[in-house]
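Trainee: Compact mmCIF, C-alpha atoms, file coords_30.txt:
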# COMPACT_ATOMS: atom_id res chain seq x y z
CA MET O 866 17.12 111.96 -286.60
CA THR O 867 13.69 111.59 -288.17
CA ARG O 868 10.50 110.14 -286.83
CA PRO O 869 9.63 106.48 -287.45
CA ALA O 870 9.18 105.53 -291.08
CA ARG O 871 5.99 103.74 -292.13
CA SER O 872 5.69 100.93 -294.62
CA ALA O 873 4.48 101.98 -298.04
CA ASP O 874 1.56 99.57 -297.63
CA PRO O 875 1.72 97.59 -294.39
CA ARG O 876 -1.61 95.83 -294.92
CA PRO O 877 -1.27 92.04 -295.22
CA GLY O 878 -2.53 90.81 -298.53
CA ALA O 879 -2.44 94.28 -300.11
CA PRO O 880 -2.66 94.09 -303.93
CA ARG O 881 0.68 93.61 -305.60
CA PRO O 882 1.39 95.39 -308.89
CA GLN O 883 1.71 92.98 -311.80
CA THR O 884 3.89 93.04 -314.89
CA ALA O 885 3.06 91.39 -318.14
CA ALA O 886 6.03 89.05 -318.28
CA GLY O 887 6.89 88.68 -314.60
CA ASP O 888 10.52 89.41 -315.40
CA PRO O 889 12.47 90.05 -312.17
CA ALA O 890 14.12 93.05 -313.85
CA THR O 891 10.74 94.74 -314.34
CA ARG O 892 8.83 93.62 -311.23
CA PRO O 893 8.17 96.31 -308.60
CA ARG O 894 10.87 96.49 -305.97
CA LYS O 895 9.97 95.04 -302.58
CA GLN O 896 10.75 96.97 -299.42
CA GLU O 897 13.45 94.47 -298.55
CA GLN O 898 15.19 95.16 -301.88
CA GLU O 899 15.47 98.92 -301.41
CA PRO O 900 19.02 100.29 -301.13
CA ALA O 901 20.25 101.26 -297.69
CA SER O 902 19.39 104.75 -296.53
CA GLU O 903 22.03 106.80 -294.73
CA GLU O 904 19.35 108.25 -292.47
CA VAL O 905 19.32 107.27 -288.80
CA THR O 906 15.72 106.87 -287.71
CA GLU O 907 14.18 106.44 -284.27
CA VAL O 908 11.62 103.68 -284.78
CA ALA O 909 10.63 103.01 -281.15
CA PRO O 910 11.55 104.50 -277.76
CA GLY O 911 15.32 104.15 -277.44
CA VAL O 912 15.58 102.15 -280.69
CA LEU O 913 17.39 103.57 -283.75
CA ARG O 914 17.44 102.00 -287.20
CA LEU O 915 20.81 102.13 -289.00
CA GLN O 916 20.44 100.66 -292.50
CA LEU O 917 23.56 99.00 -293.90
CA PRO O 918 24.11 98.09 -297.56
CA ILE O 919 24.41 94.43 -298.45
CA TRP O 920 25.19 92.74 -301.75
CA MET O 921 23.19 89.53 -301.65
CA PRO O 922 20.57 88.26 -304.11
CA GLY O 923 17.12 89.73 -303.57
CA LEU O 924 18.09 92.11 -300.76
CA GLY O 925 19.30 95.73 -300.69
CA HIS O 926 20.00 96.41 -297.03
CA VAL O 927 19.95 95.03 -293.51
CA ASN O 928 18.43 96.95 -290.62
CA THR O 929 20.91 97.23 -287.77
CA TYR O 930 19.10 98.38 -284.65
CA ALA O 931 20.88 100.43 -282.00
CA LEU O 932 19.25 100.09 -278.58
CA VAL O 933 20.29 103.14 -276.59
CA ASP O 934 20.82 103.31 -272.81
CA ASP O 935 22.95 105.28 -270.37
CA ARG O 936 25.94 102.99 -271.07
CA GLY O 937 25.89 103.44 -274.84
CA VAL O 938 24.25 101.10 -277.35
CA ALA O 939 23.53 97.47 -278.06
CA LEU O 940 23.59 96.63 -281.78
CA VAL O 941 21.31 94.02 -283.31
CA ASP O 942 22.49 92.38 -286.58
CA PRO O 943 25.56 94.46 -287.51
CA GLY O 944 25.78 93.57 -291.20
CA LEU O 945 28.12 91.69 -293.52
CA PRO O 946 31.80 90.99 -292.91
CA GLY O 947 34.30 93.16 -294.73
CA PRO O 948 35.63 96.71 -294.78
CA ARG O 949 32.84 98.29 -296.81
CA SER O 950 30.11 97.24 -294.42
CA TRP O 951 32.34 98.01 -291.42
CA ARG O 952 32.98 101.53 -292.71
CA GLU O 953 29.25 102.14 -293.22
CA LEU O 954 28.47 100.80 -289.76
CA ARG O 955 30.91 103.24 -288.17
CA ARG O 956 29.50 106.10 -290.25
CA ARG O 957 25.96 105.33 -289.07
CA LEU O 958 27.14 105.14 -285.46
CA ARG O 959 28.79 108.55 -285.76
CA ALA O 960 25.63 110.00 -287.30
CA ALA O 961 23.71 108.69 -284.29
CA GLY O 962 26.23 110.30 -281.93
CA PHE O 963 28.12 107.17 -280.86
CA ARG O 964 31.63 105.79 -281.17
CA LEU O 965 32.75 102.22 -281.53
CA ARG O 966 33.68 102.02 -277.87
CA ASP O 967 30.07 102.90 -276.94
CA VAL O 968 28.88 99.49 -278.21
CA HIS O 969 28.56 97.26 -275.15
CA HIS O 970 26.44 94.43 -276.62
CA VAL O 971 25.92 92.95 -280.06
CA ILE O 972 22.98 90.61 -280.60
CA VAL O 973 22.79 88.28 -283.59
CA THR O 974 19.33 87.10 -284.59
CA HIS O 975 20.54 84.11 -286.64
CA SER O 976 23.36 82.46 -288.53
CA HIS O 977 23.34 84.30 -291.87
CA PRO O 978 26.27 86.54 -292.82
CA ASP O 979 24.29 89.74 -293.30
CA HIS O 980 23.31 89.42 -289.64
CA PHE O 981 26.46 88.13 -287.93
CA GLY O 982 29.18 89.38 -290.29
CA ALA O 983 30.61 92.20 -288.14
CA ALA O 984 29.68 90.73 -284.75
CA GLY O 985 33.06 89.10 -284.10
CA ARG O 986 34.92 92.28 -284.99
CA LEU O 987 32.69 94.30 -282.66
CA ARG O 988 33.46 91.88 -279.87
CA ARG O 989 37.18 92.17 -280.55
CA GLU O 990 37.47 95.93 -281.16
CA ALA O 991 34.71 97.34 -278.93
CA GLY O 992 34.90 94.71 -276.20
CA ALA O 993 31.18 94.08 -276.68
CA GLU O 994 29.37 91.11 -275.22
CA LEU O 995 28.11 88.93 -278.10
CA VAL O 996 24.67 87.36 -277.61
CA ALA O 997 23.08 84.66 -279.79
CA HIS O 998 20.76 81.71 -279.41
CA ARG O 999 22.15 78.50 -277.93
CA ALA O 1000 21.93 76.80 -281.36
CA PHE O 1001 23.88 79.55 -283.19
CA THR O 1002 26.55 78.22 -285.53
CA THR O 1003 29.14 79.73 -287.83
CA TRP O 1004 32.11 78.82 -290.01
CA SER O 1005 35.36 77.42 -288.67
CA LEU O 1006 37.94 79.79 -290.14
CA SER O 1007 41.10 81.08 -288.55
CA PRO O 1008 40.70 84.85 -288.06
CA LYS O 1009 43.45 86.75 -289.84
CA ALA O 1010 41.77 90.09 -290.44
CA ALA O 1011 44.02 91.82 -287.94
CA THR O 1012 47.14 91.01 -289.97
CA VAL O 1013 46.16 92.73 -293.24
CA SER O 1014 45.72 96.35 -294.22
CA GLU O 1015 42.29 97.85 -294.85
CA ALA O 1016 43.24 98.43 -298.50
CA GLU O 1017 44.22 94.77 -298.97
CA ALA O 1018 41.01 93.63 -297.31
CA GLU O 1019 38.96 95.88 -299.59
CA ARG O 1020 40.73 94.52 -302.68
CA VAL O 1021 40.07 90.91 -301.66
CA GLU O 1022 36.45 91.73 -300.85
CA ARG O 1023 35.96 93.37 -304.26
CA GLU O 1024 37.51 90.40 -306.08
CA ALA O 1025 35.28 87.93 -304.21
CA ILE O 1026 32.11 89.89 -304.97
CA GLU O 1027 33.04 90.25 -308.65
CA ALA O 1028 33.90 86.55 -308.92
CA ALA O 1029 30.63 85.55 -307.28
CA ALA O 1030 28.74 87.71 -309.80
CA ARG O 1031 30.51 85.97 -312.71
CA TYR O 1032 30.12 82.46 -311.36
CA GLY O 1033 26.83 80.75 -312.21
CA GLY O 1034 26.73 78.53 -309.13
CA PRO O 1035 25.13 79.15 -305.73
CA SER O 1036 25.26 82.52 -304.06
CA LEU O 1037 26.82 82.98 -300.65
CA GLU O 1038 23.29 83.14 -299.25
CA GLU O 1039 22.52 79.74 -300.76
CA VAL O 1040 25.53 77.95 -299.32
CA VAL O 1041 24.95 79.52 -295.91
CA GLU O 1042 21.27 78.53 -296.10
CA LEU O 1043 22.32 74.92 -296.51
CA GLU O 1044 24.37 75.21 -293.36
CA GLY O 1045 21.14 75.76 -291.47
CA ILE O 1046 19.84 72.37 -292.58
CA THR O 1047 21.95 70.27 -290.20
CA GLN O 1048 23.57 72.54 -287.60
CA GLU O 1049 24.95 69.51 -285.75
CA ARG O 1050 27.99 71.26 -284.24
CA GLN O 1051 28.65 74.58 -282.60
CA ARG O 1052 31.33 75.39 -285.22
CA GLN O 1053 30.98 74.34 -288.85
CA SER O 1054 33.47 74.10 -291.67
CA VAL O 1055 32.82 76.23 -294.75
CA PRO O 1056 29.76 74.55 -296.32
CA TRP O 1057 30.84 74.26 -299.95
CA GLY O 1058 30.49 70.86 -301.54
CA GLY O 1059 28.87 67.67 -300.33
CA SER O 1060 25.31 66.48 -300.82
CA THR O 1061 21.92 67.81 -299.85
CA PRO O 1062 19.55 65.75 -297.65
CA TRP O 1063 17.21 65.30 -300.63
CA GLY O 1064 19.97 64.06 -302.94
CA GLY O 1065 22.29 65.65 -305.43
CA SER O 1066 25.15 68.05 -305.11
CA ARG O 1067 25.30 71.29 -303.17
CA HIS O 1068 26.99 72.61 -306.33
CA PRO O 1069 30.63 72.38 -305.19
CA LEU O 1070 32.50 75.47 -306.26
CA PRO O 1071 35.26 75.32 -308.88
CA PRO O 1072 38.65 75.09 -307.12
CA TRP O 1073 39.71 78.63 -308.08
CA HIS O 1074 36.47 80.12 -306.78
CA ARG O 1075 36.59 78.11 -303.58
CA ARG O 1076 40.18 79.27 -302.92
CA LEU O 1077 39.23 82.89 -303.57
CA LEU O 1078 36.21 82.85 -301.25
CA ILE O 1079 38.03 81.05 -298.45
CA ARG O 1080 40.91 83.52 -298.70
CA ALA O 1081 38.46 86.42 -298.65
CA LEU O 1082 36.66 85.08 -295.60
CA ARG O 1083 39.90 84.46 -293.74
CA LEU O 1084 40.94 88.04 -294.36
CA LEU O 1085 37.58 89.69 -293.78
CA PHE O 1086 35.85 87.56 -291.19
CA VAL O 1087 36.29 87.47 -287.42
CA PRO O 1088 34.30 84.46 -286.12
CA PRO O 1089 31.42 85.67 -283.93
CA ASP O 1090 31.91 83.40 -280.94
CA PRO O 1091 29.12 84.28 -278.48
CA THR O 1092 29.99 85.30 -274.94
CA ARG O 1093 26.40 84.53 -273.94
CA ARG O 1094 24.03 81.97 -275.45
CA VAL O 1095 20.35 82.43 -274.66
CA ILE O 1096 17.25 80.26 -274.83
CA HIS O 1097 13.57 80.99 -275.26
CA GLY O 1098 12.43 83.36 -272.52
CA SER O 1099 15.89 84.58 -271.50
CA PRO O 1100 15.71 88.20 -270.27
CA LEU O 1101 17.97 90.86 -271.77
CA ARG O 1102 18.39 94.39 -270.38
CA LEU O 1103 18.43 96.62 -273.47
CA ALA O 1104 17.48 100.27 -274.12
CA GLY O 1105 16.86 100.75 -270.41
CA ARG O 1106 14.21 98.03 -270.11
CA GLU O 1107 13.79 94.28 -270.13
CA TRP O 1108 13.40 92.40 -273.38
CA LEU O 1109 12.76 88.67 -273.77
CA ALA O 1110 14.44 86.27 -276.19
CA VAL O 1111 11.87 84.48 -278.37
CA HIS O 1112 13.22 81.39 -280.17
CA THR O 1113 11.63 81.24 -283.63
CA PRO O 1114 13.14 78.36 -285.66
CA GLY O 1115 12.17 77.81 -289.30
CA HIS O 1116 14.16 80.30 -291.36
CA THR O 1117 17.12 78.87 -289.45
CA LEU O 1118 17.24 76.57 -286.44
CA ASP O 1119 18.84 79.29 -284.29
CA HIS O 1120 16.59 82.23 -285.21
CA LEU O 1121 15.92 84.64 -282.37
CA CYS O 1122 13.42 87.49 -282.03
CA LEU O 1123 13.50 90.09 -279.25
CA TRP O 1124 10.27 91.11 -277.50
CA ASP O 1125 9.69 94.32 -275.56
CA PRO O 1126 6.42 93.79 -273.64
CA GLU O 1127 6.51 97.30 -272.15
CA HIS O 1128 6.13 99.03 -275.53
CA GLY O 1129 4.74 96.16 -277.63
CA VAL O 1130 7.80 96.09 -279.90
CA LEU O 1131 9.01 92.93 -281.66
CA LEU O 1132 12.47 92.86 -283.25
CA SER O 1133 11.49 90.20 -285.76
CA GLY O 1134 14.76 89.54 -287.62
CA ASP O 1135 13.97 87.50 -290.73
CA HIS O 1136 11.12 85.62 -289.02
CA VAL O 1137 8.43 88.12 -290.08
CA LEU O 1138 9.23 90.47 -292.97
CA PRO O 1139 6.86 93.13 -294.31
CA THR O 1140 6.59 92.28 -298.03
CA ILE O 1141 8.46 89.03 -298.72
CA THR O 1142 8.09 85.59 -297.17
CA PRO O 1143 11.24 84.34 -295.43
CA HIS O 1144 12.94 81.29 -296.84
CA ILE O 1145 12.33 78.06 -294.89
CA ALA O 1146 15.38 75.81 -294.82
CA GLY O 1147 14.41 72.16 -295.21
CA SER O 1148 15.83 70.00 -292.43
CA ALA O 1149 16.86 66.35 -292.41
CA GLN O 1150 16.31 66.30 -288.64
CA GLY O 1151 12.79 67.66 -288.26
CA ASP O 1152 9.84 69.55 -289.69
CA SER O 1153 11.20 73.08 -290.10
CA LEU O 1154 8.00 74.35 -291.74
CA SER O 1155 5.90 73.14 -288.81
CA ALA O 1156 8.31 74.87 -286.42
CA TYR O 1157 8.11 78.05 -288.47
CA LEU O 1158 4.32 78.12 -288.60
CA ALA O 1159 4.06 77.41 -284.87
CA THR O 1160 6.43 80.22 -283.97
CA LEU O 1161 4.66 82.57 -286.39
CA ASP O 1162 1.55 82.00 -284.30
CA LEU O 1163 3.61 82.50 -281.16
CA VAL O 1164 4.70 86.02 -282.11
CA ALA O 1165 1.23 86.92 -283.41
CA ARG O 1166 -0.21 86.04 -279.98
CA LEU O 1167 2.22 88.16 -277.97
CA ASP O 1168 0.08 90.24 -275.66
CA GLY O 1169 -0.02 93.85 -276.83
CA VAL O 1170 2.30 93.47 -279.84
CA ARG O 1171 1.99 96.73 -281.76
CA LEU O 1172 5.10 97.19 -283.89
CA GLY O 1173 7.28 94.82 -285.90
CA LEU O 1174 10.87 95.89 -286.56
CA PRO O 1175 12.20 93.56 -289.28
CA ALA O 1176 15.78 92.92 -290.39
CA HIS O 1177 14.85 94.03 -293.93
CA GLY O 1178 12.16 96.47 -295.02
CA HIS O 1179 10.25 99.04 -292.98
CA PRO O 1180 8.54 98.89 -289.58
CA PHE O 1181 5.01 97.48 -289.75
CA THR O 1182 2.14 97.84 -287.32
CA ASP O 1183 0.01 94.73 -287.87
CA VAL O 1184 2.11 91.75 -286.79
CA PRO O 1185 -0.86 89.31 -286.53
CA GLY O 1186 -2.10 90.41 -289.96
CA ARG O 1187 1.30 89.91 -291.56
CA VAL O 1188 1.56 86.49 -289.92
CA ALA O 1189 -1.83 85.57 -291.41
CA ALA O 1190 -0.63 86.64 -294.88
CA ILE O 1191 2.54 84.53 -294.59
CA ARG O 1192 0.54 81.51 -293.41
CA ALA O 1193 -1.78 81.95 -296.40
CA HIS O 1194 1.27 81.98 -298.70
CA HIS O 1195 2.44 78.62 -297.33
CA ALA O 1196 -1.06 77.14 -297.61
CA GLU O 1197 -1.15 78.25 -301.25
CA ARG O 1198 2.33 76.80 -301.81
CA MET O 1199 1.08 73.46 -300.42
CA GLU O 1200 -1.83 73.42 -302.88
CA ARG O 1201 0.49 74.20 -305.78
CA LEU O 1202 2.76 71.38 -304.62
CA ARG O 1203 -0.18 68.95 -304.62
CA ALA O 1204 -1.10 70.05 -308.14
CA ALA O 1205 2.49 69.65 -309.33
CA SER O 1206 2.67 66.16 -307.84
CA ARG O 1207 -0.56 65.15 -309.59
CA ALA O 1208 0.82 66.39 -312.91
CA LEU O 1209 4.30 64.90 -312.52
CA GLY O 1210 3.63 61.68 -310.65
CA PRO O 1211 6.49 60.52 -308.42
CA ALA O 1212 9.32 63.04 -308.72
CA ASP O 1213 12.47 64.21 -306.95
CA VAL O 1214 12.81 67.51 -305.11
CA ARG O 1215 14.61 69.36 -307.89
CA THR O 1216 11.95 68.46 -310.46
CA ILE O 1217 9.11 69.50 -308.16
CA SER O 1218 10.84 72.75 -307.17
CA ARG O 1219 11.02 73.80 -310.81
CA GLU O 1220 7.25 73.51 -311.04
CA LEU O 1221 6.83 75.79 -308.03
CA PHE O 1222 9.44 78.50 -308.62
CA PRO O 1223 10.18 80.70 -311.66
CA ARG O 1224 13.36 79.94 -313.55
CA TRP O 1225 15.33 82.83 -312.01
CA HIS O 1226 14.82 81.25 -308.56
CA TRP O 1227 15.88 77.73 -309.54
CA GLY O 1228 18.68 76.38 -307.40
CA VAL O 1229 19.52 75.08 -303.97
CA MET O 1230 17.36 77.53 -302.03
CA ALA O 1231 14.25 76.70 -304.06
CA GLU O 1232 14.98 73.01 -303.59
CA SER O 1233 15.53 73.50 -299.86
CA GLU O 1234 12.14 75.18 -299.38
CA THR O 1235 10.41 72.57 -301.55
CA PHE O 1236 12.02 69.88 -299.41
CA ALA O 1237 10.69 71.64 -296.27
CA HIS O 1238 7.12 71.57 -297.64
CA LEU O 1239 7.38 67.97 -298.80
CA GLU O 1240 8.71 66.82 -295.43
CA HIS O 1241 5.92 68.74 -293.69
CA LEU O 1242 3.33 66.85 -295.75
CA ARG O 1243 5.10 63.50 -295.30
CA ARG O 1244 5.22 63.87 -291.52
CA ALA O 1245 1.51 64.73 -291.59
CA GLY O 1246 0.80 61.48 -293.48
CA GLN O 1247 -0.07 63.32 -296.70
CA ALA O 1248 2.93 62.32 -298.81
CA GLU O 1249 5.15 59.31 -299.22
CA ARG O 1250 8.81 59.15 -300.14
CA TRP O 1251 11.40 56.60 -301.14
CA ARG O 1252 14.95 56.66 -302.38
CA GLU O 1253 16.00 56.08 -305.98
CA GLY O 1254 19.77 56.10 -306.22
CA ASP O 1255 21.05 59.17 -304.38
CA ARG O 1256 17.76 61.09 -304.59
CA LEU O 1257 14.56 61.15 -302.55
CA VAL O 1258 11.39 60.73 -304.59
CA TYR O 1259 8.00 61.99 -303.36
CA ARG O 1260 4.35 61.39 -304.19
CA VAL O 1261 1.88 63.80 -302.57
CA GLU O 1262 -1.67 62.70 -301.78
CA GLU O 1263 -4.83 64.64 -302.44
CA ALA O 1264 -5.88 67.05 -299.70
CA PRO O 1265 -7.85 65.26 -296.96
Could you take the file, read its structure, and then write that structure out as structure tokens?
Mentor:
Amino acid sequence: MTRPARSADPRPGAPRPQTAAGDPATRPRKQEQEPASEEVTEVAPGVLRLQLPIWMPGLGHVNTYALVDDRGVALVDPGLPGPRSWRELRRRLRAAGFRLRDVHHVIVTHSHPDHFGAAGRLRREAGAELVAHRAFTTWSLSPKAATVSEAEAERVEREAIEAAARYGGPSLEEVVELEGITQERQRQSVPWGGSTPWGGSRHPLPPWHRRLLIRALRLLFVPPDPTRRVIHGSPLRLAGREWLAVHTPGHTLDHLCLWDPEHGVLLSGDHVLPTITPHIAGSAQGDSLSAYLATLDLVARLDGVRLGLPAHGHPFTDVPGRVAAIRAHHAERMERLRAASRALGPADVRTISRELFPRWHWGVMAESETFAHLEHLRRAGQAERWREGDRLVYRVEEAP
């Protein structure tokens, strides 16, 4: 194992290299987009980083953390569902000196598939206790992975990934992101189709693509039903010491960080990332941006916080500074939104989102984050909305 890796430039607000055209193919790669390393790295006392490959837009890996104690390990965010990710997870465990049966806990930071994908299988095959926040939700699919061969599962997985690459509709990340908007039940159906809270379609998949993805999920996915649901402040005994659950809604309603006050370590999930700003899922039930900003401040004020361990990217040492940079990003986004509203006049969410995001980001996720900012302003009395047909229309006021 190697010593802890440092961020290439952990300073908040560090200058970002520019390209002439801003083409995503030529822009510098962010830390979170780097491919998974096979190296097992000790990043804090008793905490190993096992990077797993993922194939989702804008991301190259997920950091699975192994918290080591005299019983074995607890794994945090064990990657995507499917045989490829499962095989890589087992390889990383072996490289760290552990077997599957050494995994006694699996902790899921939130309800996105690159974080919970293998959690159900770990519970089933390792007998691990599965821990998530009380609000954690997932898809309602009958698990059938145990009835198919590994080769068949790999073939189905490959077909689904190839089909998703060909299809011009929403990515898996986008449809899962929409699931975080309502989260009204403990178990959700697969969230393809229907309408968004701001009006318009969630881009229902063509029937052939829907059938393929549902079949793939039924073969590859073991639902991660928690054996323990925690709330803010719940203690967890991990890596030979006590950690605390920190509920940090915003990116999703159920997002959970883990705080180690003894060593000043924050497992930050997707709440605080080193070089990109996490997506904020607009909610029909509340002000998700306000919740996100408040819980950003919460983690920045943790007494003695010295090291952030994110779900994507490298460890970073200035958690309060990174929080300040993310807050500044959202303040800038609010000003751009005001300017767009002045230029457009009353407009729906999709129209406004296309003024805020480059073309390659257009889609449901861009609309969802735009909706989150608009609702934040409306609830603060700085925007008004009304309905025209099936769409919400907004007019944003000048800054007070």
Trainee: Go through O:Ala961, O:Val1258, O:Met1199, O:Leu987 one by one, measure the shortest atom-to-atom distance of each to Val941 of chain O using all atoms listed in the file, and give the residue with the smallest value.
Mentor: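 Ranking O:Ala961, O:Val1258, O:Met1199, O:Leu987 by distance to Val941 of chain O, first place goes to O:Leu987.
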Trainee: Mind checking which residues fall within 10 Å of segment 1111-1121 of chain O, counting only C-alpha atoms, ignoring those fewer than 5 positions away in the same chain, and posting them as a compact mmCIF listing (two decimals) with C-alpha atoms, keeping the file's coordinate frame?
Mentor:
# COMPACT_ATOMS: atom_id res chain seq x y z
CA ILE O 972 22.98 90.61 -280.60
CA VAL O 973 22.79 88.28 -283.59
CA THR O 974 19.33 87.10 -284.59
CA HIS O 975 20.54 84.11 -286.64
CA SER O 976 23.36 82.46 -288.53
CA HIS O 977 23.34 84.30 -291.87
CA ALA O 997 23.08 84.66 -279.79
CA HIS O 998 20.76 81.71 -279.41
CA ARG O 999 22.15 78.50 -277.93
CA ALA O 1000 21.93 76.80 -281.36
CA PHE O 1001 23.88 79.55 -283.19
CA THR O 1002 26.55 78.22 -285.53
CA GLU O 1042 21.27 78.53 -296.10
CA LEU O 1043 22.32 74.92 -296.51
CA GLU O 1044 24.37 75.21 -293.36
CA GLY O 1045 21.14 75.76 -291.47
CA ILE O 1046 19.84 72.37 -292.58
CA THR O 1047 21.95 70.27 -290.20
CA GLN O 1048 23.57 72.54 -287.60
CA VAL O 1095 20.35 82.43 -274.66
CA ILE O 1096 17.25 80.26 -274.83
CA HIS O 1097 13.57 80.99 -275.26
CA GLY O 1098 12.43 83.36 -272.52
CA SER O 1099 15.89 84.58 -271.50
CA PRO O 1100 15.71 88.20 -270.27
CA LEU O 1131 9.01 92.93 -281.66
CA LEU O 1132 12.47 92.86 -283.25
CA SER O 1133 11.49 90.20 -285.76
CA GLY O 1134 14.76 89.54 -287.62
CA ASP O 1135 13.97 87.50 -290.73
CA HIS O 1136 11.12 85.62 -289.02
CA VAL O 1137 8.43 88.12 -290.08
CA THR O 1142 8.09 85.59 -297.17
CA PRO O 1143 11.24 84.34 -295.43
CA HIS O 1144 12.94 81.29 -296.84
CA ILE O 1145 12.33 78.06 -294.89
CA ALA O 1146 15.38 75.81 -294.82
CA GLY O 1147 14.41 72.16 -295.21
CA SER O 1148 15.83 70.00 -292.43
CA ASP O 1152 9.84 69.55 -289.69
CA SER O 1153 11.20 73.08 -290.10
CA LEU O 1154 8.00 74.35 -291.74
CA SER O 1155 5.90 73.14 -288.81
CA ALA O 1156 8.31 74.87 -286.42
CA TYR O 1157 8.11 78.05 -288.47
CA LEU O 1158 4.32 78.12 -288.60
CA ALA O 1159 4.06 77.41 -284.87
CA THR O 1160 6.43 80.22 -283.97
CA LEU O 1161 4.66 82.57 -286.39
CA LEU O 1163 3.61 82.50 -281.16
CA VAL O 1164 4.70 86.02 -282.11
CA GLU O 1234 12.14 75.18 -299.38
CA ALA O 1237 10.69 71.64 -296.27
Trainee: So which one's closest to Arg1244 of chain O, O:Ala1176, O:Ile919, O:Ala1149, O:Leu1221? Using all atoms listed in the file, please.
Mentor: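 Using all atoms listed in the file, Arg1244 of chain O sits closest to O:Ala1149.
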Trainee: As AutoDock Vina command-line options, please: the centre and edge lengths in Å, to one decimal, of an axis-aligned box enclosing every listed atom of segment 1161-1177 of chain O with 5 Å added on each side.
Mentor:
--center_x 7.8 --center_y 89.6 --center_z -284.8 --size_x 26.0 --size_y 25.2 --size_z 28.3
Trainee: Go through O:Pro900, O:Ala1212, O:Ser1060, O:Val908 and flag the residue nearest Arg1252 of chain O, using all atoms listed in the file for the distances.
Mentor: O:Ala1212
Trainee: Just checking: using all atoms listed in the file, which residue out of O:Ala1081, O:Leu1103, O:Met1230, O:Val927 ends up closest to Val912 of chain O?
Mentor: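 Smallest distance to Val912 of chain O is found for O:Leu1103.
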Trainee: Please write as a list in words the list of polymer residues whose atoms come within 10 Å of (26.1, 102.0, -290.7), counting all atoms listed in the file and keeping to the coordinates of the file.
Mentor: Ala901, Ser902, Glu903, Glu904, Val905, Arg914, Leu915, Gln916, Leu917, Pro918, Val927, Asn928, Thr929, Tyr930, Pro943, Gly944, Arg949, Ser950, Trp951, Arg952, Glu953, Leu954, Arg955, Arg956, Arg957, Leu958, Arg959, Ala960 and Ala961 of chain O
Trainee: Can you measure atom CA of Leu1167 of chain O to atom CA of His1194 of chain O for me? One decimal in Å is fine.
Mentor: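 It comes out at 21.7 Å.
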